[in-house]
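my_file_20.txt follows (compact mmCIF, C-alpha atoms):
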```txt
# COMPACT_ATOMS: atom_id res chain seq x y z
CA MET A 1 34.99 -45.88 105.24
CA GLU A 2 38.59 -46.20 104.14
CA ILE A 3 37.62 -48.21 101.09
CA VAL A 4 35.14 -45.63 100.02
CA ASP A 5 37.69 -42.92 100.62
CA GLY A 6 40.09 -44.81 98.38
CA LEU A 7 37.48 -45.07 95.67
CA ASN A 8 36.77 -41.38 95.93
CA LEU A 9 40.48 -40.66 95.74
CA LEU A 10 40.72 -42.67 92.54
CA ASN A 11 37.70 -40.98 91.08
CA SER A 12 38.90 -37.52 91.89
CA PHE A 13 42.32 -38.24 90.40
CA PRO A 14 42.70 -35.48 87.82
CA LEU A 15 44.74 -37.16 85.08
CA ALA A 16 42.61 -40.09 84.18
CA SER A 17 39.49 -41.87 85.07
CA LEU A 18 37.71 -44.92 83.83
CA GLU A 19 34.30 -44.63 82.33
CA VAL A 20 33.05 -47.86 80.90
CA GLY A 21 29.54 -48.38 79.70
CA LYS A 22 28.45 -44.83 80.24
CA HIS A 23 26.88 -43.14 77.30
CA PHE A 24 26.06 -39.64 76.22
CA TYR A 25 22.48 -40.19 75.16
CA TRP A 26 20.76 -38.37 72.37
CA GLU A 27 17.09 -38.96 71.93
CA ILE A 28 15.38 -38.69 68.60
CA GLY A 29 11.70 -39.46 68.99
CA ASN A 30 11.84 -42.47 71.24
CA LEU A 31 15.09 -43.72 69.74
CA LYS A 32 18.17 -43.53 71.89
CA LEU A 33 21.55 -42.83 70.36
CA HIS A 34 25.08 -42.83 71.69
CA GLY A 35 26.11 -39.26 70.98
CA GLN A 36 29.79 -39.71 71.73
CA VAL A 37 30.08 -42.41 69.06
CA PHE A 38 28.49 -40.22 66.43
CA LEU A 39 30.64 -37.21 67.33
CA THR A 40 33.88 -39.11 66.92
CA SER A 41 32.67 -40.99 63.87
CA TRP A 42 31.85 -37.67 62.17
CA PHE A 43 35.37 -36.56 63.01
CA VAL A 44 36.74 -39.73 61.38
CA ILE A 45 34.51 -39.31 58.33
CA ALA A 46 35.61 -35.69 58.02
CA ILE A 47 39.27 -36.73 58.10
CA LEU A 48 38.70 -39.33 55.40
CA LEU A 49 36.74 -36.96 53.17
CA ILE A 50 39.23 -34.11 53.57
CA ALA A 51 42.17 -36.41 52.83
CA SER A 52 40.39 -37.77 49.73
CA LEU A 53 39.41 -34.34 48.50
CA THR A 54 42.90 -32.90 48.87
CA ALA A 55 44.27 -35.96 47.10
CA THR A 56 41.91 -35.82 44.15
CA ARG A 57 41.45 -32.07 43.83
CA ASN A 58 44.21 -31.76 41.29
CA ILE A 59 45.14 -35.13 39.87
CA GLN A 60 48.53 -35.21 38.18
CA ARG A 61 50.15 -37.86 36.09
CA ILE A 62 53.18 -37.67 38.37
CA PRO A 63 51.66 -37.86 41.86
CA ARG A 64 53.00 -35.75 44.69
CA GLY A 65 52.13 -35.01 48.28
CA MET A 66 48.65 -36.06 49.33
CA GLN A 67 47.82 -37.69 46.01
CA ASN A 68 50.90 -39.87 46.33
CA LEU A 69 49.95 -40.95 49.85
CA MET A 70 46.36 -41.72 48.95
CA GLU A 71 47.43 -43.59 45.83
CA TYR A 72 49.67 -45.69 48.02
CA VAL A 73 46.69 -46.34 50.32
CA LEU A 74 44.50 -47.22 47.35
CA GLU A 75 47.11 -49.59 45.93
CA PHE A 76 47.34 -51.26 49.32
CA ILE A 77 43.55 -51.69 49.51
CA ARG A 78 43.35 -52.93 45.95
CA SER A 79 46.04 -55.54 46.52
CA LEU A 80 44.28 -56.63 49.73
CA ALA A 81 40.96 -57.04 47.89
CA LYS A 82 42.66 -58.68 44.93
CA ASP A 83 44.41 -61.21 47.15
CA GLN A 84 41.21 -62.19 48.93
CA ILE A 85 38.55 -61.91 46.22
CA GLY A 86 40.57 -62.71 43.13
CA GLU A 87 41.68 -60.87 40.04
CA LYS A 88 38.39 -61.20 38.16
CA GLU A 89 35.85 -59.99 40.70
CA TYR A 90 37.64 -57.70 43.11
CA ARG A 91 37.04 -54.34 41.42
CA PRO A 92 33.44 -53.59 42.53
CA TRP A 93 34.29 -54.57 46.11
CA VAL A 94 37.27 -52.27 46.53
CA PRO A 95 35.19 -49.34 47.85
CA PHE A 96 33.43 -51.44 50.50
CA VAL A 97 36.48 -53.31 51.74
CA GLY A 98 38.65 -50.20 51.49
CA THR A 99 36.21 -48.05 53.40
CA LEU A 100 35.96 -50.73 56.09
CA PHE A 101 39.71 -50.65 56.45
CA LEU A 102 40.05 -46.87 56.35
CA PHE A 103 37.14 -46.20 58.70
CA ILE A 104 38.29 -48.74 61.29
CA PHE A 105 41.93 -47.74 60.97
CA VAL A 106 41.31 -44.00 61.33
CA SER A 107 38.81 -44.67 64.15
CA ASN A 108 41.25 -46.80 66.09
CA TRP A 109 44.11 -44.40 65.65
CA SER A 110 41.97 -41.42 66.50
CA GLY A 111 41.13 -43.19 69.74
CA ALA A 112 44.80 -43.72 70.46
CA LEU A 113 46.24 -40.43 69.20
CA VAL A 114 43.63 -37.71 69.65
CA PRO A 115 43.39 -36.48 73.24
CA TRP A 116 39.62 -36.74 73.36
CA LYS A 117 39.53 -36.29 77.12
CA ILE A 118 40.23 -32.59 76.73
CA LEU A 119 36.72 -32.22 75.31
CA GLU A 120 34.22 -32.85 78.03
CA ILE A 121 30.76 -34.15 77.31
CA PRO A 122 28.09 -34.99 79.84
CA ASP A 123 27.89 -38.52 81.28
CA SER A 124 30.53 -40.01 79.04
CA GLU A 125 33.79 -39.46 77.25
CA LEU A 126 34.79 -39.37 73.63
CA ALA A 127 36.68 -42.38 72.36
CA ALA A 128 37.23 -44.31 69.18
CA PRO A 129 33.90 -45.11 67.47
CA THR A 130 35.02 -48.75 67.29
CA ASN A 131 35.04 -48.68 71.07
CA ASP A 132 31.26 -49.01 70.96
CA ILE A 133 29.60 -52.37 70.34
CA ASN A 134 26.98 -50.74 68.10
CA THR A 135 29.58 -49.60 65.58
CA THR A 136 31.33 -52.94 65.36
CA ILE A 137 28.07 -54.86 65.06
CA ALA A 138 26.92 -52.46 62.37
CA LEU A 139 30.10 -53.02 60.39
CA ALA A 140 29.98 -56.78 60.90
CA LEU A 141 26.33 -57.01 59.82
CA LEU A 142 27.08 -54.93 56.75
CA THR A 143 29.85 -57.39 55.95
CA SER A 144 27.40 -60.27 56.28
CA LEU A 145 24.91 -58.51 54.01
CA ALA A 146 27.73 -57.78 51.58
CA TYR A 147 28.76 -61.38 51.21
CA PHE A 148 25.19 -62.62 50.96
CA TYR A 149 24.59 -59.98 48.30
CA ALA A 150 27.79 -61.01 46.50
CA GLY A 151 26.85 -64.68 46.51
CA ILE A 152 23.21 -64.23 45.56
CA SER A 153 23.84 -61.61 42.88
CA LYS A 154 26.31 -63.94 41.23
CA LYS A 155 24.62 -67.32 41.55
CA GLY A 156 21.04 -66.47 42.44
CA LEU A 157 19.48 -68.85 44.90
CA GLY A 158 21.99 -71.43 43.73
CA TYR A 159 24.28 -69.75 46.22
CA PHE A 160 22.53 -71.65 49.00
CA ALA A 161 23.10 -74.91 47.13
CA GLY A 162 26.75 -74.28 47.89
CA TYR A 163 25.92 -75.02 51.52
CA LEU A 164 25.43 -78.66 50.61
CA GLU A 165 28.92 -79.00 49.23
CA PRO A 166 31.17 -80.84 49.69
CA THR A 167 28.72 -82.89 51.76
CA PRO A 168 25.21 -82.10 53.13
CA ILE A 169 26.37 -83.18 56.58
CA LEU A 170 28.30 -79.94 56.89
CA ALA A 171 25.30 -77.76 55.98
CA PRO A 172 24.30 -77.00 59.61
CA PHE A 173 27.82 -75.87 60.34
CA LYS A 174 27.80 -73.60 57.34
CA VAL A 175 24.54 -72.06 58.52
CA LEU A 176 26.06 -71.68 61.95
CA GLU A 177 29.04 -70.00 60.36
CA ASP A 178 26.82 -67.27 58.95
CA PHE A 179 25.95 -66.36 62.53
CA THR A 180 29.42 -66.73 64.00
CA LYS A 181 31.10 -64.67 61.30
CA PRO A 182 29.52 -61.31 62.22
CA LEU A 183 29.65 -62.22 65.89
CA SER A 184 33.37 -62.91 65.85
CA LEU A 185 34.09 -59.94 63.59
CA SER A 186 32.27 -57.48 65.82
CA PHE A 187 33.46 -58.84 69.15
CA ARG A 188 37.06 -59.17 68.01
CA LEU A 189 37.23 -55.51 67.00
CA PHE A 190 35.19 -54.25 69.96
CA GLY A 191 37.10 -56.31 72.49
CA ASN A 192 40.52 -55.44 71.20
CA ILE A 193 39.95 -51.71 70.99
CA LEU A 194 38.13 -51.50 74.30
CA ALA A 195 40.76 -53.64 76.03
CA ASP A 196 43.54 -51.55 74.56
CA GLU A 197 41.98 -48.31 75.75
CA LEU A 198 41.26 -49.79 79.16
CA VAL A 199 44.79 -51.09 79.61
CA VAL A 200 46.23 -47.72 78.69
CA ALA A 201 43.73 -45.95 80.95
CA VAL A 202 44.47 -48.21 83.91
CA LEU A 203 48.22 -47.82 83.47
CA VAL A 204 47.88 -44.05 83.18
CA LEU A 205 45.81 -44.17 86.34
CA LEU A 206 48.53 -46.07 88.19
CA VAL A 207 51.69 -44.56 86.69
CA PRO A 208 50.98 -41.36 84.83
CA LEU A 209 54.42 -40.90 83.26
CA PHE A 210 56.45 -42.85 80.68
CA ILE A 211 55.43 -46.37 81.77
CA PRO A 212 52.27 -46.47 79.60
CA LEU A 213 54.19 -45.29 76.51
CA PRO A 214 55.30 -48.73 75.24
CA LEU A 215 51.76 -49.97 75.75
CA MET A 216 50.38 -47.02 73.79
CA VAL A 217 52.75 -47.84 70.93
CA LEU A 218 51.65 -51.45 71.14
CA GLY A 219 48.07 -50.18 71.07
CA LEU A 220 48.75 -48.28 67.83
CA PHE A 221 50.18 -51.42 66.28
CA LEU A 222 47.25 -53.49 67.52
CA SER A 223 44.72 -50.97 66.21
CA ALA A 224 46.26 -51.09 62.75
CA ILE A 225 46.32 -54.89 62.82
CA GLN A 226 42.66 -55.03 63.86
CA ALA A 227 41.65 -52.78 60.96
CA LEU A 228 43.63 -54.97 58.58
CA ILE A 229 42.12 -58.16 60.04
CA PHE A 230 38.58 -56.83 59.74
CA ALA A 231 39.04 -55.73 56.14
CA THR A 232 40.88 -58.90 55.16
CA LEU A 233 38.26 -61.15 56.71
CA ALA A 234 35.42 -59.17 55.11
CA ALA A 235 37.13 -59.46 51.73
CA SER A 236 37.78 -63.16 52.22
CA TYR A 237 34.12 -63.80 53.14
CA ILE A 238 33.05 -61.97 50.00
CA GLY A 239 35.61 -63.90 47.98
CA GLU A 240 34.35 -67.15 49.46
CA ALA A 241 30.78 -66.27 48.51
CA LEU A 242 31.83 -65.45 44.96
CA GLU A 243 33.89 -68.58 44.59
CA GLU A 244 32.69 -71.22 42.15
CA HIS A 245 31.77 -74.46 43.82
CA GLY A 246 33.24 -77.28 41.85
CA LYS A 247 34.16 -77.24 38.21
CA GLU A 248 30.84 -78.35 36.71
CA HIS A 249 29.47 -74.80 36.84
CA GLU A 250 32.15 -73.47 34.54
CA MET B 1 28.17 -52.76 107.80
CA THR B 2 27.91 -49.10 106.90
CA HIS B 3 30.60 -49.63 104.24
CA TRP B 4 28.55 -52.25 102.49
CA THR B 5 25.39 -50.24 102.42
CA ILE B 6 27.21 -47.26 101.00
CA ILE B 7 28.80 -49.34 98.27
CA LEU B 8 25.46 -50.98 97.51
CA LEU B 9 23.83 -47.60 97.30
CA ALA B 10 26.61 -46.41 95.02
CA THR B 11 26.23 -49.35 92.66
CA LYS B 12 22.51 -48.91 92.66
CA ALA B 13 22.94 -45.28 91.74
CA VAL B 14 25.29 -46.22 88.93
CA GLU B 15 22.81 -48.75 87.65
CA GLU B 16 20.10 -46.15 87.67
CA THR B 17 22.10 -43.53 85.78
CA ALA B 18 23.97 -45.78 83.34
CA GLU B 19 21.17 -47.22 81.34
CA GLY B 20 22.87 -49.88 79.28
CA GLY B 21 26.49 -50.34 80.13
CA LEU B 22 28.97 -52.04 77.85
CA PHE B 23 26.56 -53.96 75.66
CA ASP B 24 23.95 -51.30 75.22
CA ILE B 25 22.62 -51.90 71.73
CA ASN B 26 20.15 -49.34 70.44
CA ALA B 27 19.37 -47.19 67.42
CA THR B 28 23.05 -46.28 67.15
CA LEU B 29 23.55 -49.55 65.30
CA PRO B 30 21.33 -49.04 62.22
CA LEU B 31 22.19 -45.36 62.00
CA MET B 32 25.88 -46.20 62.09
CA ALA B 33 25.34 -48.76 59.33
CA ILE B 34 23.52 -46.20 57.17
CA GLN B 35 26.20 -43.63 57.91
CA PHE B 36 28.86 -46.12 56.91
CA LEU B 37 27.10 -46.90 53.62
CA ILE B 38 26.89 -43.17 52.90
CA LEU B 39 30.60 -42.93 53.62
CA VAL B 40 31.26 -45.78 51.17
CA ALA B 41 29.26 -43.96 48.50
CA LEU B 42 30.99 -40.63 49.17
CA LEU B 43 34.46 -42.12 49.19
CA ASN B 44 33.63 -44.02 46.03
CA VAL B 45 32.96 -40.70 44.31
CA VAL B 46 35.77 -38.61 45.76
CA PHE B 47 38.48 -41.21 46.35
CA TYR B 48 38.22 -44.63 44.73
CA LYS B 49 36.93 -43.69 41.29
CA PRO B 50 39.19 -40.74 40.50
CA LEU B 51 42.34 -42.31 41.88
CA THR B 52 41.68 -45.70 40.29
CA LYS B 53 41.15 -43.88 37.02
CA ALA B 54 44.37 -41.94 37.52
CA ILE B 55 46.34 -45.09 38.31
CA ASP B 56 44.90 -47.01 35.36
CA GLU B 57 45.50 -44.12 32.99
CA ARG B 58 49.05 -43.83 34.18
CA SER B 59 49.78 -47.51 33.71
CA GLU B 60 48.16 -47.33 30.27
CA TYR B 61 50.33 -44.31 29.44
CA VAL B 62 53.48 -46.07 30.61
CA ARG B 63 52.58 -49.18 28.64
CA SER B 64 51.93 -47.20 25.46
CA GLN B 65 55.15 -45.22 25.94
CA ILE B 66 57.12 -48.44 26.32
CA SER B 67 55.61 -50.00 23.21
CA GLN B 68 56.13 -46.78 21.26
CA GLY B 69 59.72 -46.66 22.39
CA ARG B 70 60.20 -50.27 21.34
CA GLU B 71 58.71 -49.52 17.93
CA ARG B 72 60.92 -46.51 17.49
CA LYS B 73 63.96 -48.49 18.48
CA GLU B 74 63.13 -51.16 15.91
CA LYS B 75 62.53 -48.54 13.27
CA SER B 76 65.81 -46.81 13.99
CA GLU B 77 67.67 -50.10 13.94
CA ASN B 78 66.14 -50.92 10.56
CA LEU B 79 67.08 -47.48 9.30
CA ALA B 80 70.64 -47.97 10.53
CA ILE B 81 70.88 -51.27 8.66
CA GLN B 82 69.44 -49.70 5.54
CA TYR B 83 71.84 -46.79 5.71
CA GLU B 84 74.78 -49.10 6.16
CA GLN B 85 73.76 -51.01 3.05
CA GLU B 86 73.38 -47.79 1.13
CA ILE B 87 76.77 -46.62 2.29
CA ARG B 88 78.30 -49.89 1.15
CA GLU B 89 76.68 -49.62 -2.25
CA VAL B 90 77.68 -46.01 -2.68
CA ARG B 91 81.24 -46.82 -1.72
CA LYS B 92 81.33 -49.61 -4.30
CA LYS B 93 79.94 -47.28 -6.96
CA SER B 94 82.42 -44.56 -6.14
CA GLN B 95 85.30 -47.00 -6.39
CA ALA B 96 84.04 -48.12 -9.77
CA ILE B 97 83.76 -44.51 -10.91
CA ILE B 98 87.30 -43.76 -9.72
CA ALA B 99 88.65 -46.80 -11.52
CA ALA B 100 86.86 -45.87 -14.74
CA ALA B 101 88.12 -42.31 -14.54
CA GLN B 102 91.64 -43.54 -13.99
CA THR B 103 91.62 -45.83 -17.01
CA GLU B 104 90.10 -43.12 -19.16
CA ALA B 105 92.70 -40.64 -18.04
CA GLN B 106 95.45 -43.08 -18.82
CA LYS B 107 93.97 -43.65 -22.27
CA THR B 108 93.83 -39.92 -23.03
CA ILE B 109 97.35 -39.49 -21.72
CA ALA B 110 98.61 -42.23 -24.01
CA ALA B 111 96.72 -40.91 -27.04
CA GLU B 112 97.80 -37.35 -26.54
CA SER B 113 101.43 -38.21 -26.02
CA GLN B 114 101.36 -40.29 -29.20
CA ALA B 115 99.83 -37.43 -31.13
CA ALA B 116 102.42 -35.01 -29.79
CA GLN B 117 105.22 -37.37 -30.79
CA GLN B 118 103.84 -37.71 -34.29
CA GLU B 119 103.51 -33.95 -34.64
CA ALA B 120 107.04 -33.43 -33.49
CA LEU B 121 108.27 -36.02 -35.99
CA ALA B 122 106.39 -34.36 -38.82
CA GLU B 123 107.79 -30.96 -37.94
CA ARG B 124 111.30 -32.33 -37.83
CA GLN B 125 110.86 -33.80 -41.28
CA LYS B 126 109.51 -30.56 -42.63
CA ALA B 127 112.43 -28.69 -41.14
CA ALA B 128 114.87 -31.15 -42.66
CA GLN B 129 113.26 -30.74 -46.09
CA GLU B 130 113.48 -26.98 -45.83
CA ILE B 131 117.12 -27.21 -44.86
CA GLU B 132 117.72 -29.43 -47.91
CA ALA B 133 115.98 -26.96 -50.23
CA GLN B 134 117.93 -23.99 -48.89
CA LYS B 135 121.12 -25.96 -49.13
CA ALA B 136 120.41 -26.74 -52.82
CA GLU B 137 119.57 -23.10 -53.53
CA ALA B 138 122.69 -21.96 -51.78
CA PHE B 139 124.72 -24.43 -53.88
CA GLY B 140 123.09 -23.07 -57.07
CA VAL B 141 123.94 -19.47 -56.15
CA LEU B 142 127.42 -20.55 -55.26
CA GLU B 143 127.94 -22.28 -58.65
CA ALA B 144 126.74 -19.21 -60.53
CA GLN B 145 129.11 -17.03 -58.61
CA VAL B 146 131.89 -19.52 -59.21
CA ASP B 147 131.21 -19.34 -62.99
CA GLU B 148 131.24 -15.55 -62.91
CA LEU B 149 134.45 -15.45 -60.96
CA SER B 150 136.13 -18.00 -63.16
CA LYS B 151 135.13 -15.92 -66.30
CA GLN B 152 136.52 -12.79 -64.75
CA ILE B 153 139.73 -14.63 -63.87
CA LEU B 154 140.01 -15.81 -67.45
CA THR B 155 139.50 -12.41 -68.92
CA LYS B 156 142.08 -11.00 -66.64
CA LEU B 157 144.59 -13.60 -67.55
CA LEU B 158 144.03 -13.95 -71.24
CA GLY B 159 142.68 -10.62 -72.05
CA PRO B 160 139.28 -9.81 -73.40
CA GLU B 161 140.15 -10.53 -77.02
CA LEU B 162 140.74 -14.09 -76.54
CA VAL B 163 137.63 -14.67 -74.61
```
Once you've parsed the file, please lay out its structure as structure tokens.
Amino acid sequence: MEIVDGLNLLNSFPLASLEVGKHFYWEIGNLKLHGQVFLTSWFVIAILLIASLTATRNIQRIPRGMQNLMEYVLEFIRSLAKDQIGEKEYRPWVPFVGTLFLFIFVSNWSGALVPWKILEIPDSELAAPTNDINTTIALALLTSLAYFYAGISKKGLGYFAGYLEPTPILAPFKVLEDFTKPLSLSFRLFGNILADELVVAVLVLLVPLFIPLPLMVLGLFLSAIQALIFATLAASYIGEALEEHGKEHE
Amino acid sequence: MTHWTIILLATKAVEETAEGGLFDINATLPLMAIQFLILVALLNVVFYKPLTKAIDERSEYVRSQISQGRERKEKSENLAIQYEQEIREVRKKSQAIIAAAQTEAQKTIAAESQAAQQEALAERQKAAQEIEAQKAEAFGVLEAQVDELSKQILTKLLGPELV
């Protein structure tokens, strides 16, 4: 009985509790949705849209305030896309890569900075949208579609001929890569964010004051890095798909 | 024994309520993808396009200002060179004019002084001639008076009968 009492003590601890794999289900028809993910993702989308609208409401030649900040962000995204995709082709991909970065970054930081636990929802708790495997798989699959689209729209079906270069022996590995890319993208992001939130939650559970602070700061850093990694990898996959194979095509 | 059954019951209950757990993949995935694509489209309209345009326009403006400034600088340098040449030419011309004026002035001075000298000479001669003429006249008057006086002296001395 003591063990159970201990468990109950932990569960009734008021400051923090762990809820993993519990979802706030919405049902539309016979489709099931994770409500908590959508709620927080709408929050993130609202932040992004409000920031963009305040930045572009009154565009000046000499930027100030919000416009200045968002221009800095845009320059950062553009240089990221330019580095990975190349000077010639990067422009149409800036919105996709940039939105990947911004959405993941704001999601991760909202999970770390916004005290979601104050808002109570049934059966679950609000957390970063990237904390849910559905979100990360969705983003990773979109990235896969994006680079297939990039390759095929540029080279037609000749894109798949690129699989046979430099040697046909490597073709199976390249096909395998198309499956591992979204898998690694989604699980890297999901695992990192979930692990970060769990570590912070466990530490808060054990020592509620001060001790988890350095780990929270580390979590912020890690969240930013994960967003950057996701966007950079997505851009580099797209760049790879757009790349000319060999010189004879030129 | 009772502990174990309770824990088993608890886990069973959890399994019944929590439908999927950590890797519960359902319709959230496609809806999230669609939502994300909508976000890309929205941000493209309200963020990427206007700010990219603003940044490009600004860099274009800066570039044109720089080239204009360079052109103006070149133009002003050319103008400065031109003005310097003009100044040099004008200075040369003015020196020539001064020199010409000086020589002319010296010529007129020389001519006028010569003329004045000649005039003075002529007037002196005229004056000398006049003096000569008056002197001769005076001598004539004097001689006539001398004759008169000498006649009177004779008459006084010799008497009128003899004369």
>> Need the shell around region 239-243 of chain A: protein/DNA/RNA residues with any atom at most 7 Å away, counting only C-alpha atoms. Skip same-chain ones fewer than 2 positions apart. Format as number ranges by chain?
In response: A: 84-85, 147, 150-151, 154, 235-237, 245
> Which residues, written as a list in words, have at least one atom at most 10 Å from Leu102 (chain A), with all atoms listed in the file counted and residues fewer than 3 positions away on the same chain left out?
Replying inline: Val44, Ile45, Leu48, Val73, Ile77, Phe96, Val97, Gly98, Thr99, Phe105, Val106, Ser107, Asn108, Ala224, Ala227, Leu228 and Ala231 of chain A
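Using only C-alpha atoms, every residue with an atom at most 8 Å from the point (43.0, -37.0, 41.2) is listed here: Ala55, Thr56, Arg57, Asn58, Ile59, Gln60 and Gln67 of chain A; Pro50, Leu51 and Ala54 of chain B.
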> What's the 9 Å shell around Ile55 (chain B), counting all atoms listed in the file, without same-chain residues fewer than 6 positions away, as a PyMOL selection string?
Replying inline: chain A and resi 61+71+75
>> What's the separation between CA of Ser124 (chain A) and CA of Ala46 (chain A), in Å to one decimal place?
In response: 22.1 Å
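Within 6 Å of chain B, chain A contributes the residues Met1, Gly21, Lys22, Leu31, Lys32, Leu33, Ser52, Pro95, Thr99, Asn134 and Ala138 of chain A, using only C-alpha atoms.
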> Please, what distance in Å, to one decimal, runs between CA of Leu80 (chain A) and CA of Ala146 (chain A)?
Replying inline: 16.7 Å
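With CA of Gly65 (chain A) on one side and CA of Leu53 (chain A) on the other, the separation reads 12.7 Å.
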> What lies within 10 Å of region 112-116 of chain A using only C-alpha atoms, ignoring chain neighbours under 3 positions off, as JSON, numbers by chain?
Replying inline: {"A": [40, 106, 107, 108, 109, 119, 120, 125, 126, 127, 128, 193, 196, 197, 200, 216, 217, 219, 220, 223]}
